[in-house]
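Q: My structure is in query_23.cif, and what it holds is mmCIF, C-alpha atoms:
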data_structure
#
loop_
_atom_site.label_atom_id
_atom_site.label_comp_id
_atom_site.auth_asym_id
_atom_site.auth_seq_id
_atom_site.Cartn_x
_atom_site.Cartn_y
_atom_site.Cartn_z
CA TYR A 1 102.38 -17.85 4.59
CA ALA A 2 98.68 -18.07 5.34
CA GLU A 3 95.62 -18.44 3.14
CA ARG A 4 93.21 -15.57 2.92
CA PRO A 5 89.93 -16.38 4.70
CA LEU A 6 86.94 -16.69 2.43
CA THR A 7 84.34 -13.97 2.46
CA LEU A 8 80.65 -14.68 3.09
CA GLU A 9 79.89 -14.17 -0.60
CA GLU A 10 82.53 -16.71 -1.65
CA ILE A 11 81.26 -19.23 0.89
CA GLU A 12 77.72 -18.72 -0.39
CA LEU A 13 78.81 -19.18 -4.01
CA GLN A 14 80.47 -22.49 -3.14
CA ARG A 15 77.08 -23.99 -2.35
CA PRO A 16 75.23 -25.84 -5.15
CA PHE A 17 72.80 -23.91 -7.32
CA ARG A 18 69.93 -26.02 -6.02
CA GLU A 19 70.58 -24.99 -2.41
CA ARG A 20 71.24 -21.31 -3.27
CA VAL A 21 68.37 -20.58 -5.66
CA ILE A 22 65.92 -23.41 -6.24
CA ALA A 23 65.33 -24.47 -2.63
CA PRO A 24 64.69 -20.91 -1.29
CA LEU A 25 62.40 -20.21 -4.26
CA LEU A 26 60.35 -23.34 -3.59
CA ASN A 27 60.19 -22.51 0.12
CA ASN A 28 58.88 -19.01 -0.61
CA ILE A 29 56.26 -20.33 -3.04
CA SER A 30 55.19 -23.08 -0.63
CA THR A 31 54.89 -20.57 2.21
CA PHE A 32 52.81 -18.28 -0.01
CA ILE A 33 50.48 -21.14 -0.95
CA ALA A 34 50.22 -22.45 2.61
CA ARG A 35 49.08 -19.06 3.90
CA ARG A 36 46.22 -18.92 1.40
CA MET A 37 44.93 -22.48 1.79
CA PRO A 38 42.09 -23.32 4.23
CA ARG A 39 43.39 -23.93 7.72
CA GLN A 40 41.68 -27.31 8.16
CA THR A 41 43.06 -28.57 4.87
CA MET A 42 46.56 -27.48 5.80
CA GLU A 43 46.29 -29.04 9.26
CA ARG A 44 45.20 -32.38 7.82
CA LEU A 45 47.98 -32.28 5.26
CA ARG A 46 50.58 -31.35 7.88
CA THR A 47 49.37 -34.24 10.04
CA ARG A 48 49.75 -36.68 7.16
CA LEU A 49 53.20 -35.29 6.37
CA GLU A 50 54.18 -35.67 10.03
CA MET A 51 53.05 -39.29 9.93
CA ALA A 52 55.10 -39.77 6.77
CA GLY A 53 58.24 -38.32 8.40
CA ASN A 54 58.02 -34.81 6.89
CA PRO A 55 59.52 -35.65 3.46
CA ILE A 56 58.44 -32.26 2.06
CA GLN A 57 56.60 -29.16 3.23
CA ALA A 58 52.86 -28.76 2.85
CA GLY A 59 53.15 -25.96 0.30
CA THR A 60 55.69 -27.92 -1.72
CA PHE A 61 53.28 -30.85 -1.75
CA PHE A 62 50.59 -28.62 -3.28
CA ILE A 63 53.10 -27.35 -5.85
CA LEU A 64 53.90 -30.96 -6.75
CA GLN A 65 50.22 -31.77 -7.16
CA LEU A 66 49.57 -28.75 -9.39
CA ALA A 67 52.73 -29.37 -11.44
CA LEU A 68 51.87 -33.01 -12.09
CA MET A 69 48.28 -32.10 -12.91
CA GLY A 70 49.40 -29.49 -15.45
CA ILE A 71 52.14 -31.63 -17.00
CA MET A 72 49.97 -34.73 -17.40
CA GLY A 73 46.96 -32.72 -18.60
CA VAL A 74 48.84 -30.70 -21.22
CA GLY A 75 51.03 -33.65 -22.20
CA SER A 76 48.04 -35.91 -22.80
CA PHE A 77 46.31 -33.16 -24.81
CA LEU A 78 49.35 -32.93 -27.08
CA LEU A 79 49.93 -36.68 -27.16
CA PHE A 80 46.42 -37.58 -28.38
CA SER A 81 46.45 -35.03 -31.18
CA SER A 82 45.16 -37.62 -33.66
CA GLN A 83 41.95 -38.10 -31.68
CA THR A 84 38.85 -35.95 -31.83
CA MET A 85 38.61 -32.87 -29.65
CA ASP A 86 36.12 -34.49 -27.26
CA ARG A 87 38.38 -37.47 -26.63
CA ARG A 88 41.43 -35.25 -26.25
CA LEU A 89 39.65 -33.18 -23.61
CA LEU A 90 38.40 -36.32 -21.86
CA TYR A 91 41.85 -37.92 -21.77
CA SER A 92 43.43 -34.67 -20.63
CA LEU A 93 40.91 -34.32 -17.82
CA LEU A 94 41.38 -37.92 -16.66
CA LEU A 95 45.18 -37.71 -16.68
CA ALA A 96 45.13 -34.31 -14.99
CA VAL A 97 43.02 -35.78 -12.17
CA ALA A 98 45.43 -38.73 -11.99
CA GLY A 99 48.37 -36.33 -11.72
CA TYR A 100 46.66 -34.50 -8.88
CA VAL A 101 45.93 -37.78 -7.04
CA LEU A 102 49.32 -39.46 -7.52
CA PRO A 103 51.15 -37.42 -4.81
CA THR A 104 48.39 -38.32 -2.35
CA VAL A 105 48.80 -42.01 -3.19
CA TRP A 106 52.56 -41.70 -2.72
CA LEU A 107 52.04 -39.96 0.63
CA ASN A 108 49.63 -42.64 1.85
CA ASN A 109 52.05 -45.39 0.85
CA ARG A 110 54.85 -43.63 2.69
CA VAL A 111 52.69 -43.31 5.81
CA ARG A 112 51.80 -47.01 5.73
CA SER A 113 55.43 -48.00 5.18
CA ARG A 114 56.58 -45.87 8.10
CA GLN A 115 53.86 -47.19 10.40
CA LYS A 116 54.78 -50.74 9.44
CA SER A 117 58.44 -50.06 10.22
CA ILE A 118 57.56 -48.59 13.63
CA LEU A 119 55.21 -51.46 14.43
CA LYS A 120 57.89 -53.99 13.52
CA ALA A 121 60.54 -52.35 15.71
CA LEU A 122 58.26 -51.66 18.69
CA PRO A 123 58.44 -55.05 20.53
CA ASP A 124 62.26 -55.16 20.47
CA ALA A 125 62.45 -51.53 21.58
CA ILE A 126 60.11 -52.18 24.52
CA ASP A 127 62.20 -55.22 25.48
CA LEU A 128 65.29 -53.02 25.63
CA LEU A 129 63.34 -50.40 27.60
CA THR A 130 62.24 -53.09 30.06
CA ILE A 131 65.75 -54.44 30.54
CA SER A 132 67.19 -50.95 31.00
CA VAL A 133 64.54 -49.86 33.51
CA GLU A 134 64.85 -53.10 35.48
CA ALA A 135 68.62 -52.52 35.57
CA GLY A 136 68.04 -49.22 37.36
CA LEU A 137 67.96 -46.63 34.59
CA GLY A 138 65.27 -43.98 34.35
CA PHE A 139 62.74 -44.04 31.55
CA ASP A 140 64.43 -41.18 29.67
CA LEU A 141 67.83 -42.86 29.87
CA ALA A 142 66.27 -46.12 28.71
CA MET A 143 64.86 -44.31 25.67
CA GLN A 144 68.32 -42.89 25.06
CA ARG A 145 69.67 -46.45 25.02
CA VAL A 146 67.14 -47.33 22.32
CA VAL A 147 68.22 -44.29 20.32
CA GLU A 148 71.88 -45.30 20.59
CA LYS A 149 71.18 -48.96 19.82
CA TRP A 150 69.17 -48.61 16.59
CA ASN A 151 68.76 -46.24 13.69
CA ASN A 152 65.18 -46.65 12.48
CA GLU A 153 61.95 -44.69 12.45
CA LEU A 154 61.05 -45.56 16.04
CA SER A 155 64.47 -44.64 17.43
CA ARG A 156 64.34 -41.31 15.60
CA GLU A 157 60.92 -40.61 17.10
CA PHE A 158 62.25 -41.44 20.57
CA ASP A 159 65.15 -39.08 19.92
CA ARG A 160 62.67 -36.34 19.04
CA VAL A 161 60.76 -37.00 22.27
CA LEU A 162 63.96 -36.65 24.27
CA ALA A 163 64.81 -33.45 22.41
CA ASP A 164 61.36 -32.02 23.25
CA VAL A 165 61.85 -32.92 26.90
CA ARG A 166 65.27 -31.24 26.94
CA LEU A 167 63.69 -28.11 25.49
CA GLY A 168 61.28 -27.92 28.41
CA LYS A 169 58.20 -29.79 27.21
CA ASN A 170 56.42 -32.07 29.63
CA ARG A 171 57.15 -35.74 29.03
CA ARG A 172 53.45 -36.58 28.81
CA GLU A 173 52.92 -33.97 26.13
CA ALA A 174 56.01 -35.17 24.26
CA LEU A 175 54.72 -38.74 24.30
CA ARG A 176 51.26 -37.62 23.14
CA ASP A 177 52.90 -35.74 20.29
CA LEU A 178 54.74 -38.96 19.45
CA VAL A 179 51.41 -40.77 19.09
CA ALA A 180 50.03 -37.96 16.90
CA ARG A 181 53.11 -38.05 14.64
CA THR A 182 52.99 -41.82 14.08
CA GLY A 183 49.36 -42.92 14.23
CA VAL A 184 50.28 -46.48 15.28
CA PRO A 185 47.60 -48.02 17.56
CA ASP A 186 50.02 -50.27 19.46
CA LEU A 187 52.31 -47.33 20.17
CA SER A 188 49.29 -45.34 21.34
CA THR A 189 48.39 -48.12 23.79
CA PHE A 190 51.96 -48.25 25.06
CA VAL A 191 52.13 -44.48 25.58
CA ALA A 192 48.75 -44.46 27.35
CA ALA A 193 49.97 -47.19 29.72
CA ILE A 194 53.18 -45.26 30.48
CA ILE A 195 51.27 -42.02 31.15
CA GLN A 196 48.76 -43.82 33.37
CA ALA A 197 51.55 -45.55 35.32
CA GLU A 198 53.28 -42.20 35.84
CA GLN A 199 50.06 -40.59 37.05
CA LEU A 200 49.15 -43.43 39.45
CA GLY A 201 52.67 -44.04 40.70
CA VAL A 202 52.82 -47.63 39.43
CA SER A 203 56.18 -49.23 38.71
CA ILE A 204 57.10 -48.53 35.09
CA ALA A 205 59.15 -51.74 34.91
CA LYS A 206 56.03 -53.86 35.51
CA ILE A 207 54.05 -51.88 32.94
CA LEU A 208 56.83 -52.31 30.40
CA ARG A 209 56.97 -56.06 31.05
CA VAL A 210 53.21 -56.39 30.54
CA GLN A 211 53.29 -54.23 27.39
CA SER A 212 56.18 -56.27 25.99
CA ASP A 213 54.27 -59.53 26.45
CA GLN A 214 51.10 -58.09 24.92
CA LEU A 215 52.92 -56.69 21.89
CA ARG A 216 54.57 -60.03 21.19
CA ILE A 217 51.18 -61.75 21.42
CA ARG A 218 49.74 -59.21 18.96
CA ARG A 219 52.66 -59.68 16.58
CA ARG A 220 52.11 -63.45 16.67
CA GLN A 221 48.42 -62.94 15.99
CA ARG A 222 49.17 -60.67 13.04
CA ALA A 223 51.56 -63.29 11.64
CA GLU A 224 48.89 -65.98 11.99
CA GLU A 225 46.35 -63.72 10.29
CA LEU A 226 48.69 -63.15 7.34
CA ALA A 227 49.32 -66.90 7.16
CA HIS A 228 45.57 -67.55 6.92
CA GLN A 229 45.26 -64.95 4.17
CA ALA A 230 48.03 -66.52 2.08
CA PRO A 231 45.92 -69.32 0.45
CA ILE A 232 43.27 -66.79 -0.65
CA LYS A 233 45.91 -64.46 -2.10
CA MET A 234 47.56 -67.36 -3.92
CA LEU A 235 44.28 -68.40 -5.54
CA PHE A 236 44.28 -65.74 -8.27
CA PRO A 237 47.88 -66.36 -9.48
CA LEU A 238 47.20 -70.10 -9.47
CA VAL A 239 44.01 -69.84 -11.51
CA PHE A 240 45.07 -67.16 -14.00
CA LEU A 241 48.84 -67.75 -14.33
CA ILE A 242 50.06 -71.14 -13.16
CA PHE A 243 47.17 -73.42 -14.16
CA PRO A 244 46.97 -72.12 -17.77
CA SER A 245 50.71 -72.70 -18.20
CA MET A 246 50.39 -76.23 -16.83
CA PHE A 247 47.45 -76.95 -19.13
CA VAL A 248 49.44 -75.73 -22.13
CA VAL A 249 52.39 -77.96 -21.24
CA ILE A 250 50.31 -81.03 -20.37
CA LEU A 251 47.46 -80.84 -22.87
CA GLY A 252 49.25 -78.97 -25.64
CA PRO A 253 50.78 -82.05 -27.36
CA ALA A 254 47.40 -83.81 -27.29
CA VAL A 255 45.54 -81.04 -29.11
CA PRO A 256 46.89 -81.83 -32.63
CA ILE A 257 46.16 -85.54 -32.17
CA VAL A 258 42.57 -84.89 -31.06
CA TRP A 259 42.12 -82.41 -33.91
CA ASP A 260 43.39 -84.95 -36.48
CA GLN A 261 41.09 -87.65 -35.11
CA PHE A 262 38.13 -85.27 -35.30
CA LEU A 263 38.89 -84.40 -38.94
CA SER A 264 39.38 -88.04 -39.91
CA LYS A 265 35.98 -89.01 -38.54
CA ARG A 266 34.35 -86.27 -40.57
#
Could you write out this file's structure as structure tokens?

A:
Amino acid sequence: YAERPLTLEEIELQRPFRERVIAPLLNNISTFIARRMPRQTMERLRTRLEMAGNPIQAGTFFILQLALMGIMGVGSFLLFSSQTMDRRLLYSLLLAVAGYVLPTVWLNNRVRSRQKSILKALPDAIDLLTISVEAGLGFDLAMQRVVEKWNNELSREFDRVLADVRLGKNRREALRDLVARTGVPDLSTFVAAIIQAEQLGVSIAKILRVQSDQLRIRRRQRAEELAHQAPIKMLFPLVFLIFPSMFVVILGPAVPIVWDQFLSKR
């Protein structure tokens, strides 16, 4: 009349093989590597991973670098078997260095993409903060409204700030940690203004209104800067791609006629 409850072993075996075996193994290896790396190197890497949203652990990142370096180095050595030994070693060395650098390039691109997403969402978030504070809500409740309204990188960072505050951390320290995790200059200016207003007893609503206006002016300036850069960026495709195609279409039919006239005169 009733199903037998599952034992802990049966519940564990229902999990995928990747979660039961592979993930704990990688975590143990990454922890082992992280303990034996220089502290400054690990701190810089952890900072970059924090700015990227913590996609992987620091030790796992090193494992990925070493794995790619070995795979690309050995693979290139076997691939260029028809070449001389000097060239095979040179190609293997170059591709091994490329495999070691590729995860760093991916991490930097992820950091830039995340910072761009935060910078894009910041003016609208500050507008909602301003409206909420002017309506009578506290700053923490206004941040909670932003978290409930959107689901992006900035709202998730605000949610983490609120979680740190609930765990007992000072709000100033939580906001400073927010700046360290993102590395966005405009967000740093906003947090500095909020902390200064809290220390001096200035109305946060006025500070938020001023910060909102300044951020919109900066966003307009960035858009104008990108608009001025567009003609220079379009120059290379025009010269090397579009103009040659136009010349082929326009002058192509005339080439045989000119060539025949030149031969007839000779």

Q: Assuming the chain letters and numbering stay as they are in my file, what does the PyMOL selection byres ((chain A and resi 134) around 12) actually select? List them as a PDB file with C-alpha atoms, in the frame of the given file.

A:
ATOM      1  CA  ILE A 126      60.110 -52.180  24.520  1.00  0.00           C
ATOM      2  CA  ASP A 127      62.200 -55.220  25.480  1.00  0.00           C
ATOM      3  CA  LEU A 128      65.290 -53.020  25.630  1.00  0.00           C
ATOM      4  CA  LEU A 129      63.340 -50.400  27.600  1.00  0.00           C
ATOM      5  CA  THR A 130      62.240 -53.090  30.060  1.00  0.00           C
ATOM      6  CA  ILE A 131      65.750 -54.440  30.540  1.00  0.00           C
ATOM      7  CA  SER A 132      67.190 -50.950  31.000  1.00  0.00           C
ATOM      8  CA  VAL A 133      64.540 -49.860  33.510  1.00  0.00           C
ATOM      9  CA  ALA A 135      68.620 -52.520  35.570  1.00  0.00           C
ATOM     10  CA  GLY A 136      68.040 -49.220  37.360  1.00  0.00           C
ATOM     11  CA  LEU A 137      67.960 -46.630  34.590  1.00  0.00           C
ATOM     12  CA  GLY A 138      65.270 -43.980  34.350  1.00  0.00           C
ATOM     13  CA  PHE A 139      62.740 -44.040  31.550  1.00  0.00           C
ATOM     14  CA  ALA A 142      66.270 -46.120  28.710  1.00  0.00           C
ATOM     15  CA  SER A 203      56.180 -49.230  38.710  1.00  0.00           C
ATOM     16  CA  ILE A 204      57.100 -48.530  35.090  1.00  0.00           C
ATOM     17  CA  ALA A 205      59.150 -51.740  34.910  1.00  0.00           C
ATOM     18  CA  LYS A 206      56.030 -53.860  35.510  1.00  0.00           C
ATOM     19  CA  ILE A 207      54.050 -51.880  32.940  1.00  0.00           C
ATOM     20  CA  LEU A 208      56.830 -52.310  30.400  1.00  0.00           C
ATOM     21  CA  ARG A 209      56.970 -56.060  31.050  1.00  0.00           C
TER      22      ARG A 209
END

Q: Would you work out the distance separating CA of Gly59 in chain A from CA of Val111 in chain A, expressed in Å to one decimal?

A: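 So the two atoms, CA of Gly59 in chain A and CA of Val111 in chain A, lie 18.2 Å apart.
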
Q: How many Å lie between CA of Met51 in chain A and CA of Thr189 in chain A, rounded to one decimal?

A: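 Between these atoms lies a distance of 17.1 Å.
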
Q: When distances are computed from all atoms listed in the file, which of A:Val210, A:Val21, A:Val97, A:Met37 shows the smallest separation from Phe62 in chain A?

A: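 Among A:Val210, A:Val21, A:Val97, A:Met37, it is A:Met37 that comes nearest to Phe62 in chain A.
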
Q: In Å, with one decimal, what is the gap from CA of Thr41 in chain A to CA of Leu93 in chain A?

A: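 Pair CA of Thr41 in chain A / CA of Leu93 in chain A returns 23.5 Å.
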
Q: Which is closest to Arg156 in chain A among A:Thr182, A:Asn170, A:Thr104, A:Ser113, if we use only C-alpha atoms?

A: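 Using only C-alpha atoms, Arg156 in chain A sits closest to A:Thr182.
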
Q: For the file shown, what are the residues hit by the PyMOL selection byres ((chain A and resi 69) around 7), laid out as a list of chain:residue names?

A: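 When the PyMOL selection byres ((chain A and resi 69) around 7) is applied to the shown file, the picked residues are A:Gln65, A:Leu66, A:Ala67, A:Leu68, A:Gly70, A:Ile71, A:Met72, A:Gly73, A:Ala96, A:Val97, A:Gly99, A:Tyr100.
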
Q: Applying 12 Å and only C-alpha atoms, which residues near Arg219 in chain A remain after dropping the ones on its own chain fewer than 4 positions away? List them as a VMD selection string.

A: chain A and resid 116 119 to 124 186 212 to 215 223 to 226

Q: Could you save the residues just selected, with C-alpha atoms, as a compact mmCIF listing (two decimals), in the frame of the given file?

A:
# COMPACT_ATOMS: atom_id res chain seq x y z
CA LYS A 116 54.78 -50.74 9.44
CA LEU A 119 55.21 -51.46 14.43
CA LYS A 120 57.89 -53.99 13.52
CA ALA A 121 60.54 -52.35 15.71
CA LEU A 122 58.26 -51.66 18.69
CA PRO A 123 58.44 -55.05 20.53
CA ASP A 124 62.26 -55.16 20.47
CA ASP A 186 50.02 -50.27 19.46
CA SER A 212 56.18 -56.27 25.99
CA ASP A 213 54.27 -59.53 26.45
CA GLN A 214 51.10 -58.09 24.92
CA LEU A 215 52.92 -56.69 21.89
CA ALA A 223 51.56 -63.29 11.64
CA GLU A 224 48.89 -65.98 11.99
CA GLU A 225 46.35 -63.72 10.29
CA LEU A 226 48.69 -63.15 7.34

Q: Take every atom of range 187-196 of chain A listed in the file, fit an axis-aligned box around them, add 3 Å per side, and give the centre and edge lengths in Å to one decimal as JSON.

A:
{"center_x": 50.8, "center_y": -45.1, "center_z": 26.8, "size_x": 10.8, "size_y": 12.2, "size_z": 19.2}

Q: Which of these residues is nearest to Ala193 in chain A, using all atoms listed in the file: A:Leu175, A:Leu263, A:Arg48, A:Pro103?

A: A:Leu175

Q: With distances taken over only C-alpha atoms, which residue among A:Lys149, A:Gly183, A:Leu141, A:Gln115 lies nearest Val165 in chain A?

A: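 Of A:Lys149, A:Gly183, A:Leu141, A:Gln115, the one nearest Val165 in chain A, counting only C-alpha atoms, is A:Leu141.
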
Q: Which is closer to Arg172 in chain A than all the others in A:Ser155, A:Ser264, A:Gln199, A:Thr60, using all atoms listed in the file?

A: A:Gln199

Q: My list of candidates is A:Gln57, A:Ser188, A:Gln229, A:Gln221. Which is closest to Ser30 in chain A when distances are computed with only C-alpha atoms?

A: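 Between A:Gln57, A:Ser188, A:Gln229, A:Gln221, the residue approaching Ser30 in chain A most closely is A:Gln57.
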
Q: Selection in question (the file shown): the PyMOL selection byres ((chain A and resi 162) around 9). Which residues does it include, as a PyMOL selection string?

A: chain A and resi 140+143-144+157-161+163-167+171+174

Q: Would you kindly return, as a PyMOL selection string, each protein, DNA or RNA residue with an atom no farther than 7 Å from any atom of range 52-55 of chain A, considering all atoms listed in the file and excluding same-chain residues fewer than 6 positions away?

A: chain A and resi 107+110-111+114

Q: Mind writing the picked residues with C-alpha atoms as an mmCIF file, in the frame of the given file?

A:
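Output saved as result_36.cif:
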data_model
loop_
_atom_site.group_PDB
_atom_site.id
_atom_site.type_symbol
_atom_site.label_atom_id
_atom_site.label_comp_id
_atom_site.auth_asym_id
_atom_site.auth_seq_id
_atom_site.Cartn_x
_atom_site.Cartn_y
_atom_site.Cartn_z
ATOM 1 C CA LEU A 107 52.040 -39.960 0.630
ATOM 2 C CA ARG A 110 54.850 -43.630 2.690
ATOM 3 C CA VAL A 111 52.690 -43.310 5.810
ATOM 4 C CA ARG A 114 56.580 -45.870 8.100
#
